[in-house]
$ cat upload-v9.csv   # CSV, C-alpha atoms
chain,number,residue,atom,x,y,z
A,1,MET,CA,107.4,66.9,2.1
A,2,LYS,CA,106.6,70.3,3.7
A,3,ILE,CA,107.8,70.7,7.3
A,4,ILE,CA,106.5,73.8,9.0
A,5,ARG,CA,108.9,75.3,11.5
A,6,ASP,CA,107.9,79.0,11.6
A,7,THR,CA,104.7,81.0,12.3
A,8,GLU,CA,104.5,82.7,8.9
A,9,THR,CA,104.6,79.4,7.0
A,10,LEU,CA,102.0,77.9,9.4
A,11,LYS,CA,99.8,80.9,8.7
A,12,GLN,CA,100.0,80.4,4.9
A,13,ALA,CA,99.3,76.7,5.2
A,14,CYS,CA,96.2,77.3,7.4
A,15,ASN,CA,95.0,80.0,5.0
A,16,GLN,CA,95.2,77.5,2.2
A,17,CYS,CA,93.3,74.9,4.2
A,18,ALA,CA,90.6,77.5,5.0
A,19,LYS,CA,89.8,77.8,1.3
A,20,HIS,CA,88.4,74.3,1.3
A,21,SER,CA,85.4,72.7,2.8
A,22,PHE,CA,87.5,70.2,4.8
A,23,CYS,CA,91.0,69.5,6.0
A,24,THR,CA,92.3,66.3,7.6
A,25,VAL,CA,94.2,66.5,10.9
A,26,ASP,CA,96.2,64.2,13.2
A,27,THR,CA,98.6,64.6,16.1
A,28,GLU,CA,101.6,62.8,17.5
A,29,PHE,CA,102.1,63.2,21.2
A,30,LEU,CA,103.6,61.6,24.3
A,31,ARG,CA,101.7,60.9,27.6
A,32,GLU,CA,103.6,58.1,29.4
A,33,SER,CA,105.2,60.3,32.1
A,34,THR,CA,102.8,63.3,32.2
A,35,PHE,CA,99.1,64.0,33.1
A,36,TRP,CA,98.7,66.3,30.1
A,37,PRO,CA,99.7,65.0,26.7
A,38,ILE,CA,102.9,66.6,25.2
A,39,LEU,CA,102.1,67.6,21.7
A,40,CYS,CA,105.1,66.9,19.3
A,41,LEU,CA,103.7,67.0,15.8
A,42,VAL,CA,100.6,68.1,13.9
A,43,GLN,CA,99.9,66.7,10.5
A,44,MET,CA,97.3,68.4,8.3
A,45,ALA,CA,96.2,68.2,4.7
A,46,CYS,CA,93.7,69.9,2.4
A,47,PRO,CA,92.6,68.4,-1.0
A,48,GLU,CA,95.6,69.9,-2.8
A,49,ASP,CA,98.4,69.9,-0.2
A,50,GLU,CA,99.7,68.5,3.0
A,51,TRP,CA,102.1,69.5,5.8
A,52,ILE,CA,103.8,68.4,9.0
A,53,LEU,CA,103.9,71.0,11.7
A,54,ASP,CA,106.8,70.8,14.1
A,55,VAL,CA,105.4,72.3,17.2
A,56,GLN,CA,108.7,72.0,19.0
A,57,ALA,CA,110.3,74.5,16.5
A,58,GLU,CA,111.8,77.4,18.4
A,59,GLY,CA,109.6,80.5,18.5
A,60,ILE,CA,106.7,79.1,16.6
A,61,ASP,CA,103.2,80.4,17.5
A,62,LEU,CA,100.3,77.9,17.0
A,63,ALA,CA,97.7,80.6,16.9
A,64,PRO,CA,97.0,80.2,13.1
A,65,PHE,CA,96.4,76.4,13.7
A,66,PHE,CA,94.0,77.1,16.5
A,67,GLU,CA,92.2,79.6,14.4
A,68,LEU,CA,91.7,77.0,11.7
A,69,MET,CA,90.4,74.5,14.3
A,70,ALA,CA,87.8,77.1,15.3
A,71,ASN,CA,86.8,78.0,11.7
A,72,LYS,CA,83.2,77.0,11.3
A,73,ASP,CA,83.4,76.9,7.5
A,74,VAL,CA,86.0,74.1,7.4
A,75,VAL,CA,85.2,70.5,8.6
A,76,LYS,CA,88.1,69.1,10.5
A,77,VAL,CA,88.4,65.4,9.7
A,78,PHE,CA,90.0,63.1,12.3
A,79,HIS,CA,90.2,59.3,12.9
A,80,ALA,CA,89.4,58.4,16.5
A,81,ALA,CA,89.2,62.1,17.3
A,82,ARG,CA,88.9,62.2,21.0
A,83,GLN,CA,92.6,62.4,22.0
A,84,ASP,CA,93.4,64.9,19.2
A,85,VAL,CA,90.5,67.1,20.3
A,86,GLU,CA,91.5,66.9,23.9
A,87,ILE,CA,95.0,68.2,23.1
A,88,VAL,CA,93.6,71.2,21.2
A,89,TYR,CA,91.2,71.9,24.1
A,90,ASN,CA,93.9,71.6,26.7
A,91,LEU,CA,96.3,73.9,24.8
A,92,ALA,CA,93.9,76.5,23.5
A,93,GLY,CA,90.6,76.1,25.4
A,94,ILE,CA,88.7,75.5,22.2
A,95,ILE,CA,87.2,72.5,20.6
A,96,PRO,CA,87.6,71.9,16.9
A,97,SER,CA,84.3,72.4,15.2
A,98,PRO,CA,82.7,71.2,13.0
A,99,ILE,CA,84.5,67.8,13.1
A,100,PHE,CA,84.1,64.5,11.3
A,101,ASP,CA,85.4,61.3,13.0
A,102,THR,CA,86.0,58.6,10.3
A,103,GLN,CA,86.0,55.9,12.9
A,104,VAL,CA,82.5,56.8,14.0
A,105,ALA,CA,81.4,57.2,10.4
A,106,ALA,CA,82.9,53.8,9.6
A,107,MET,CA,80.7,52.1,12.3
A,108,VAL,CA,77.6,53.8,10.8
A,109,CYS,CA,78.6,52.6,7.3
A,110,GLY,CA,79.2,49.0,8.3
A,111,TYR,CA,82.9,48.7,8.7
A,112,GLY,CA,82.6,47.1,12.1
A,113,ASP,CA,83.3,48.2,15.7
A,114,SER,CA,86.1,50.8,16.2
A,115,ILE,CA,88.1,49.9,13.1
A,116,SER,CA,91.7,51.1,13.0
A,117,TYR,CA,93.0,53.7,10.6
A,118,ASP,CA,95.2,51.3,8.7
A,119,GLN,CA,92.4,48.8,8.3
A,120,LEU,CA,90.0,51.4,7.1
A,121,VAL,CA,92.5,52.8,4.6
A,122,LYS,CA,93.1,49.3,3.3
A,123,ARG,CA,89.4,48.5,2.8
A,124,ILE,CA,88.6,51.8,1.2
A,125,THR,CA,91.6,52.6,-0.9
A,126,GLY,CA,93.4,49.3,-1.1
A,127,VAL,CA,96.6,50.9,0.2
A,128,THR,CA,98.6,49.0,2.9
A,129,LEU,CA,100.3,51.3,5.3
A,130,ASP,CA,103.7,50.7,6.9
A,131,LYS,CA,103.1,50.9,10.6
A,132,SER,CA,106.6,50.1,11.7
A,133,SER,CA,107.1,53.6,13.1
A,134,ARG,CA,104.1,53.7,15.3
A,135,PHE,CA,106.1,53.5,18.5
A,136,THR,CA,108.4,56.4,17.7
A,137,ASP,CA,109.4,58.9,20.4
A,138,TRP,CA,108.0,61.9,18.6
A,139,SER,CA,109.7,64.3,20.9
A,140,LYS,CA,113.2,63.4,19.6
A,141,ARG,CA,114.8,65.4,16.9
A,142,PRO,CA,115.7,65.0,14.2
A,143,LEU,CA,113.0,62.6,13.0
A,144,SER,CA,113.9,60.3,10.1
A,145,GLU,CA,112.4,60.5,6.6
A,146,LYS,CA,110.7,57.2,7.3
A,147,GLN,CA,109.1,58.5,10.5
A,148,LEU,CA,107.9,61.6,8.8
A,149,VAL,CA,106.4,59.7,5.9
A,150,TYR,CA,104.6,57.5,8.4
A,151,ALA,CA,103.2,60.5,10.2
A,152,LEU,CA,102.1,62.2,7.0
A,153,ALA,CA,100.2,59.1,5.8
A,154,ASP,CA,97.8,59.6,8.7
A,155,VAL,CA,96.3,62.6,6.9
A,156,THR,CA,97.0,62.0,3.2
A,157,HIS,CA,94.9,58.8,2.9
A,158,LEU,CA,92.4,60.3,5.3
A,159,ARG,CA,91.2,62.6,2.5
A,160,ASP,CA,90.1,59.6,0.4
A,161,VAL,CA,88.6,57.8,3.4
A,162,TYR,CA,86.6,60.9,4.3
A,163,THR,CA,85.4,61.5,0.7
A,164,ALA,CA,84.2,57.8,0.5
A,165,LEU,CA,82.5,57.7,3.9
A,166,ASN,CA,80.9,61.1,3.4
A,167,ALA,CA,79.5,60.0,0.0
A,168,SER,CA,78.2,56.7,1.5
A,169,LEU,CA,76.5,58.6,4.4
A,170,LYS,CA,74.7,60.9,2.0
A,171,GLU,CA,73.7,58.0,-0.3
A,172,GLN,CA,72.2,56.2,2.7
A,173,ASP,CA,70.7,59.3,4.2
A,174,ARG,CA,72.8,58.8,7.4
A,175,ALA,CA,74.8,62.0,7.6
A,176,HIS,CA,72.6,63.2,10.5
A,177,TRP,CA,73.5,60.0,12.4
A,178,VAL,CA,77.2,61.0,12.5
A,179,SER,CA,76.3,64.6,13.2
A,180,GLU,CA,74.5,63.5,16.4
A,181,GLU,CA,77.7,61.6,17.5
A,182,MET,CA,79.8,64.6,16.9
A,183,GLU,CA,77.8,66.6,19.4
A,184,ILE,CA,79.4,64.4,22.1
A,185,LEU,CA,82.9,64.9,20.8
A,186,THR,CA,82.5,68.7,20.6
A,187,SER,CA,81.1,69.0,24.2
A,188,PRO,CA,83.5,70.6,26.7
A,189,GLU,CA,82.1,68.1,29.4
A,190,THR,CA,83.7,65.3,27.4
A,191,TYR,CA,87.2,66.7,28.1
A,192,ASP,CA,86.9,68.6,31.4
A,193,MET,CA,85.6,66.3,34.1
A,194,PRO,CA,85.7,68.1,37.5
A,195,PRO,CA,88.1,66.4,40.0
A,196,GLU,CA,85.2,65.8,42.4
A,197,ASN,CA,83.7,63.5,39.8
A,198,ALA,CA,86.9,61.5,39.2
A,199,TRP,CA,85.6,58.6,41.3
A,200,LYS,CA,83.1,57.9,38.5
A,201,ARG,CA,85.9,56.6,36.3
A,202,MET,CA,86.6,53.8,38.8
A,203,LYS,CA,85.2,50.4,38.9
A,204,MET,CA,85.0,50.0,42.6
A,205,ARG,CA,81.6,49.5,44.1
A,206,ALA,CA,81.5,50.8,47.7
A,207,ARG,CA,79.5,48.7,50.1
A,208,LYS,CA,79.2,51.2,52.9
A,209,PRO,CA,78.6,55.0,53.0
A,210,ARG,CA,82.0,55.7,54.6
A,211,GLU,CA,83.7,53.7,51.9
A,212,LEU,CA,81.9,55.7,49.2
A,213,ALA,CA,82.9,58.9,51.0
A,214,LEU,CA,86.5,57.9,51.0
A,215,LEU,CA,86.4,56.8,47.4
A,216,LYS,CA,85.1,60.2,46.3
A,217,ARG,CA,87.5,62.2,48.3
A,218,VAL,CA,90.7,60.1,47.7
A,219,ALA,CA,89.9,60.0,44.0
A,220,GLN,CA,89.5,63.8,44.0
A,221,TRP,CA,92.8,64.3,45.8
A,222,ARG,CA,94.6,62.0,43.4
A,223,GLU,CA,93.1,63.9,40.4
A,224,GLU,CA,94.1,67.3,41.8
A,225,THR,CA,97.6,66.1,42.7
A,226,ALA,CA,98.2,64.5,39.3
A,227,ARG,CA,97.0,67.7,37.5
A,228,ALA,CA,99.0,70.0,39.7
A,229,ASN,CA,102.2,68.1,39.3
A,230,ASN,CA,101.5,67.0,35.7
A,231,ILE,CA,102.1,63.3,36.3
A,232,PRO,CA,99.9,60.3,35.5
A,233,ARG,CA,97.3,59.3,38.1
A,234,GLY,CA,99.0,56.0,38.7
A,235,ARG,CA,102.3,57.8,39.7
A,236,VAL,CA,100.4,59.4,42.6
A,237,ILE,CA,98.5,56.3,43.7
A,238,ARG,CA,97.1,53.3,41.7
A,239,ASP,CA,93.4,52.3,41.6
A,240,ASP,CA,93.9,49.2,43.6
A,241,ALA,CA,95.5,51.2,46.4
A,242,ILE,CA,92.5,53.5,46.5
A,243,TYR,CA,90.3,50.4,46.9
A,244,ASP,CA,92.5,49.2,49.8
A,245,ILE,CA,92.3,52.6,51.5
A,246,CYS,CA,88.6,52.8,51.2
A,247,THR,CA,88.1,49.5,52.9
A,248,ARG,CA,90.8,49.7,55.5
A,249,ALA,CA,91.0,53.5,56.1
A,250,PRO,CA,94.5,53.6,57.6
A,251,THR,CA,95.0,56.5,60.1
A,252,THR,CA,98.8,56.4,60.6
A,253,LEU,CA,101.8,56.3,58.4
A,254,GLN,CA,102.7,52.9,59.8
A,255,LYS,CA,99.3,51.5,58.8
A,256,LEU,CA,99.6,53.2,55.4
A,257,SER,CA,103.0,51.4,54.9
A,258,GLU,CA,101.3,48.1,55.6
A,259,LEU,CA,99.2,48.4,52.4
A,260,ARG,CA,100.8,46.1,49.8
A,261,SER,CA,99.0,47.9,47.0
A,262,LEU,CA,101.1,51.1,47.8
A,263,SER,CA,104.6,51.5,46.4
A,264,ARG,CA,107.4,50.9,48.8
A,265,GLY,CA,108.2,54.1,50.7
A,266,PHE,CA,104.9,55.8,49.9
A,267,ASP,CA,104.4,56.6,53.6
A,268,LYS,CA,107.7,58.5,53.5
A,269,ASN,CA,107.2,60.5,50.4
A,270,ARG,CA,105.5,63.8,50.0
A,271,TYR,CA,102.1,62.2,49.4
A,272,GLY,CA,101.9,60.1,52.5
A,273,ASN,CA,100.9,62.9,54.9
A,274,GLU,CA,98.7,64.5,52.4
A,275,LEU,CA,96.7,61.3,51.9
A,276,LEU,CA,96.4,60.7,55.7
A,277,LYS,CA,95.0,64.2,56.1
A,278,VAL,CA,92.3,63.4,53.5
A,279,ILE,CA,91.5,60.1,55.1
A,280,THR,CA,91.2,61.8,58.5
A,281,GLU,CA,89.0,64.5,57.2
A,282,VAL,CA,86.6,61.9,55.8
A,283,LYS,CA,86.6,59.8,59.0
A,284,ASN,CA,85.7,62.9,61.1
A,285,ILE,CA,82.6,63.5,59.0
A,286,PRO,CA,79.5,62.3,61.0
A,287,ASP,CA,77.9,59.1,59.6
A,288,SER,CA,74.7,61.0,59.0
A,289,GLU,CA,76.5,63.2,56.4
A,290,HIS,CA,78.0,60.4,54.4
A,291,PRO,CA,76.5,59.7,50.9
A,292,GLY,CA,74.0,57.0,50.6
A,293,ILE,CA,74.9,53.8,48.7
A,294,PRO,CA,72.8,53.7,45.5
A,295,ARG,CA,70.7,50.5,45.4
A,296,PRO,CA,70.1,48.8,42.1
A,297,LYS,CA,66.5,48.8,41.0
A,298,GLN,CA,64.7,45.6,41.4
A,299,THR,CA,64.8,43.8,38.1
A,300,PRO,CA,61.3,42.9,36.9
A,301,GLU,CA,60.6,39.2,36.3
A,302,GLY,CA,61.4,38.1,32.8
A,303,CYS,CA,64.1,40.7,32.1
A,304,GLN,CA,66.7,38.1,31.3
A,305,ALA,CA,64.6,36.5,28.6
A,306,ALA,CA,63.7,39.9,27.2
A,307,THR,CA,67.3,40.9,27.1
A,308,GLU,CA,68.2,37.7,25.1
A,309,MET,CA,65.4,38.5,22.6
A,310,LEU,CA,66.7,42.1,22.3
A,311,LYS,CA,70.2,40.7,21.5
A,312,VAL,CA,68.8,38.8,18.6
A,313,LEU,CA,66.8,41.8,17.4
A,314,LEU,CA,70.0,43.9,17.6
A,315,LYS,CA,71.9,41.4,15.5
A,316,VAL,CA,69.1,41.3,12.9
A,317,THR,CA,69.0,45.1,12.8
A,318,THR,CA,72.8,45.5,12.4
A,319,GLU,CA,73.0,42.9,9.7
A,320,LYS,CA,70.1,44.4,7.7
A,321,HIS,CA,71.3,48.0,7.9
A,322,GLY,CA,75.1,47.4,7.9
A,323,VAL,CA,75.7,49.2,11.2
A,324,ALA,CA,78.1,48.2,14.0
A,325,ALA,CA,76.2,46.9,17.0
A,326,LYS,CA,78.5,48.8,19.4
A,327,ILE,CA,77.3,52.2,18.2
A,328,ILE,CA,73.6,51.3,18.6
A,329,ALA,CA,73.4,49.6,22.0
A,330,THR,CA,75.5,47.7,24.6
A,331,VAL,CA,74.3,44.7,26.6
A,332,ASP,CA,73.8,47.0,29.5
A,333,ASP,CA,71.6,49.2,27.4
A,334,LEU,CA,69.5,46.2,26.4
A,335,GLU,CA,69.1,45.1,30.0
A,336,LYS,CA,67.9,48.6,30.9
A,337,ILE,CA,65.4,48.6,28.0
A,338,ALA,CA,64.2,45.1,29.1
A,339,ALA,CA,63.5,46.5,32.6
A,340,ASP,CA,62.1,49.9,31.6
A,341,ASP,CA,60.4,51.2,28.5
A,342,LYS,CA,61.6,54.7,29.4
A,343,ALA,CA,65.2,53.8,30.1
A,344,ASP,CA,67.7,56.6,29.7
A,345,VAL,CA,69.9,55.0,27.1
A,346,PRO,CA,71.2,56.2,23.7
A,347,ALA,CA,69.3,53.3,22.0
A,348,LEU,CA,66.0,55.1,22.8
A,349,LYS,CA,67.0,58.4,21.4
A,350,GLY,CA,67.6,60.1,18.1
A,351,TRP,CA,68.5,58.0,15.0
A,352,ARG,CA,69.1,54.9,17.2
A,353,LYS,CA,65.5,54.9,18.3
A,354,GLU,CA,64.3,55.2,14.7
A,355,LEU,CA,66.5,52.3,13.7
A,356,PHE,CA,66.3,50.0,16.7
A,357,GLY,CA,64.7,51.5,19.8
A,358,ASN,CA,61.1,51.5,18.6
A,359,LYS,CA,61.4,47.9,17.4
A,360,ALA,CA,63.0,46.9,20.7
A,361,LEU,CA,60.0,48.3,22.6
A,362,ASP,CA,57.6,46.7,20.1
A,363,LEU,CA,59.3,43.3,20.7
A,364,LYS,CA,59.3,43.7,24.4
A,365,ASN,CA,55.6,44.5,24.5
A,366,GLY,CA,54.5,41.9,22.0
A,367,ARG,CA,53.7,44.1,19.1
A,368,ILE,CA,56.2,42.3,16.9
A,369,ALA,CA,57.8,38.8,17.2
A,370,LEU,CA,60.9,37.1,15.9
A,371,GLY,CA,60.6,34.0,13.6
A,372,TYR,CA,62.9,31.8,11.6
A,373,LYS,CA,62.2,31.4,8.0
A,374,ASP,CA,64.2,30.9,4.8
A,375,LYS,CA,67.4,30.4,6.9
A,376,SER,CA,67.2,33.7,8.6
A,377,VAL,CA,65.6,35.4,11.6
A,378,GLN,CA,62.7,37.6,10.5
A,379,ILE,CA,60.5,40.3,12.3
A,380,ILE,CA,56.8,39.4,12.4
A,381,ASP,CA,54.1,42.0,12.9
A,382,THR,CA,51.7,40.5,15.5
A,383,THR,CA,49.1,43.3,15.4
A,384,SER,CA,47.7,42.6,11.9
$ encode --input "upload-v9.csv" --output "structure tokens"
Amino acid sequence: MKIIRDTETLKQACNQCAKHSFCTVDTEFLRESTFWPILCLVQMACPEDEWILDVQAEGIDLAPFFELMANKDVVKVFHAARQDVEIVYNLAGIIPSPIFDTQVAAMVCGYGDSISYDQLVKRITGVTLDKSSRFTDWSKRPLSEKQLVYALADVTHLRDVYTALNASLKEQDRAHWVSEEMEILTSPETYDMPPENAWKRMKMRARKPRELALLKRVAQWREETARANNIPRGRVIRDDAIYDICTRAPTTLQKLSELRSLSRGFDKNRYGNELLKVITEVKNIPDSEHPGIPRPKQTPEGCQAATEMLKVLLKVTTEKHGVAAKIIATVDDLEKIAADDKADVPALKGWRKELFGNKALDLKNGRIALGYKDKSVQIIDTTS
């Protein structure tokens, strides 16, 4: 097992990876007590070798690794890539490219919705991985041989998984499907949401303009505070407390202390006065300047029935083509298609439209129908 603890060895390993068309990559990190993930290990492998990079080694410079991540001639293979890509982006300001996410490719190739790495390895290679070290504190040193073997397995078997999935995609002429999905994973907007948009992550639905104004501003304050102090958002203030604040709008520390959703003593810590200042600023904004509450569009008559038919069509399509339903359309997408032929949903764009979207519109508008014959649901052309 090759452990990299100095910059020169890292450079040699990255140069070796750069000689090949792809390399597999995984990271081990901690995030329980910080806003930004703390990178602890990087595992990487090329077709002929594999390494573990100890990023905590004294004096090591990760520049060669970041150069490899930016090398356009080498495909970087991840499984469930988003958090790994986010780490590289946060540390170096670059997004690995080109990339290949085996979890996404597995959905396209019929392995179900969001399959785990160990399940995918088992189904493709027949190898059962030992996952007993998955809850390791990767910041502690030294790491045991068992922990290092576990970590390295995340990239060694990934080579075989990638090779199999890549071959399957080419055989089925679906490589461009995965390429479209990678555009989302390689977009900076995926990893760098402005604090003023933090409210969009939340599930609260404001009922009044002032509540919406408070939601936006308090969520922004929490995001900025969490980032500045490198602590999780929930350590600043939890989501349920933000909901309480938006509906009750406390204006004094005493009223703030009466909110049961806030941790005891919040009104006395450094955030109490900051939060009150934010609430007061919003309350001083004239009603005429508060944001309007978006009103849901009136659902056309018959949409519920149309949605149910589209669910059946989606099931027929996924079974016929061996693609996970989740990657084609959600129930929310189907409801939007039922209400509007020009709905702005992924199912009506790109490869999804070719596979499902066009048929969905045909079914909705009576150009095709669904029938039951020979123990299966079949698509019937009604125009002939």
$ closest_residue --input "upload-v9.csv" --among "A:Val108, A:Ala92, A:Leu275, A:Cys14" --to "Glu319 of chain A" --atoms "all atoms listed in the file"
A:Val108
$ residues_around --input "upload-v9.csv" --residues "segment 110-115 of chain A" --least-positions-apart "5" --cutoff "12 Å" --atoms "only C-alpha atoms" --output "ChimeraX atom specification"
/A:79-81,101-105,120-124,161,165,168-169,172,174,317-330
$ atom_distance --input "upload-v9.csv" --atom1 "atom CA of Trp138 of chain A" --atom2 "atom CA of Cys23 of chain A"
22.5 Å
$ residues_around --input "upload-v9.csv" --residues "Ile379 of chain A" --least-positions-apart "3" --cutoff "10 Å" --atoms "only C-alpha atoms" --output "PyMOL selection string"
chain A and resi 313+316-317+359+363+368-372+382
$ write_last_selection --input "upload-v9.csv" --atoms "C-alpha atoms" --output "PDB file, in the coordinates of the input"
ATOM      1  CA  LEU A 313      66.800  41.800  17.400  1.00  0.00           C
ATOM      2  CA  VAL A 316      69.100  41.300  12.900  1.00  0.00           C
ATOM      3  CA  THR A 317      69.000  45.100  12.800  1.00  0.00           C
ATOM      4  CA  LYS A 359      61.400  47.900  17.400  1.00  0.00           C
ATOM      5  CA  LEU A 363      59.300  43.300  20.700  1.00  0.00           C
ATOM      6  CA  ILE A 368      56.200  42.300  16.900  1.00  0.00           C
ATOM      7  CA  ALA A 369      57.800  38.800  17.200  1.00  0.00           C
ATOM      8  CA  LEU A 370      60.900  37.100  15.900  1.00  0.00           C
ATOM      9  CA  GLY A 371      60.600  34.000  13.600  1.00  0.00           C
ATOM     10  CA  TYR A 372      62.900  31.800  11.600  1.00  0.00           C
ATOM     11  CA  THR A 382      51.700  40.500  15.500  1.00  0.00           C
TER      12      THR A 382
END
$ residues_around --input "upload-v9.csv" --residues "Asp287 of chain A" --least-positions-apart "2" --cutoff "12 Å" --atoms "all atoms listed in the file" --output "ChimeraX atom specification"
/A:208-213,282-285,289-292
$ atom_distance --input "upload-v9.csv" --atom1 "atom CA of Leu355 of chain A" --atom2 "atom CA of Ser384 of chain A"
21.2 Å
$ closest_residue --input "upload-v9.csv" --among "A:Glu145, A:Glu301, A:Glu86, A:Asp49" --to "Tyr191 of chain A" --atoms "only C-alpha atoms"
A:Glu86
$ residues_around --input "upload-v9.csv" --residues "Arg5 of chain A" --least-positions-apart "2" --cutoff "7 Å" --atoms "all atoms listed in the file" --output "PyMOL selection string"
chain A and resi 3+53-54+57+60
$ residues_near_point --input "upload-v9.csv" --point "(84.0, 59.2, 42.6)" --cutoff "10 Å" --atoms "all atoms listed in the file" --output "list in words"
Pro195, Glu196, Asn197, Ala198, Trp199, Lys200, Arg201, Met202, Lys203, Met204, Leu212, Ala213, Leu214, Leu215, Lys216, Arg217, Val218, Ala219 and Gln220 of chain A
$ closest_residue --input "upload-v9.csv" --among "A:Pro194, A:Pro250, A:Pro232, A:Gly126" --to "Asn273 of chain A" --atoms "only C-alpha atoms"
A:Pro250
$ residues_around --input "upload-v9.csv" --residues "Ala306 of chain A" --least-positions-apart "3" --cutoff "10 Å" --atoms "all atoms listed in the file" --output "PyMOL selection string"
chain A and resi 301-303+309-311+334-335+337-339+360+363-365
$ residues_near_point --input "upload-v9.csv" --point "(96.6, 63.7, 11.2)" --cutoff "7 Å" --atoms "only C-alpha atoms" --output "PyMOL selection string"
chain A and resi 24-27+42-44+78+154-155
$ atom_distance --input "upload-v9.csv" --atom1 "atom CA of Cys17 of chain A" --atom2 "atom CA of Thr156 of chain A"
13.5 Å
$ closest_residue --input "upload-v9.csv" --among "A:His20, A:Ile245, A:Arg264, A:Tyr271" --to "Thr225 of chain A" --atoms "all atoms listed in the file"
A:Tyr271
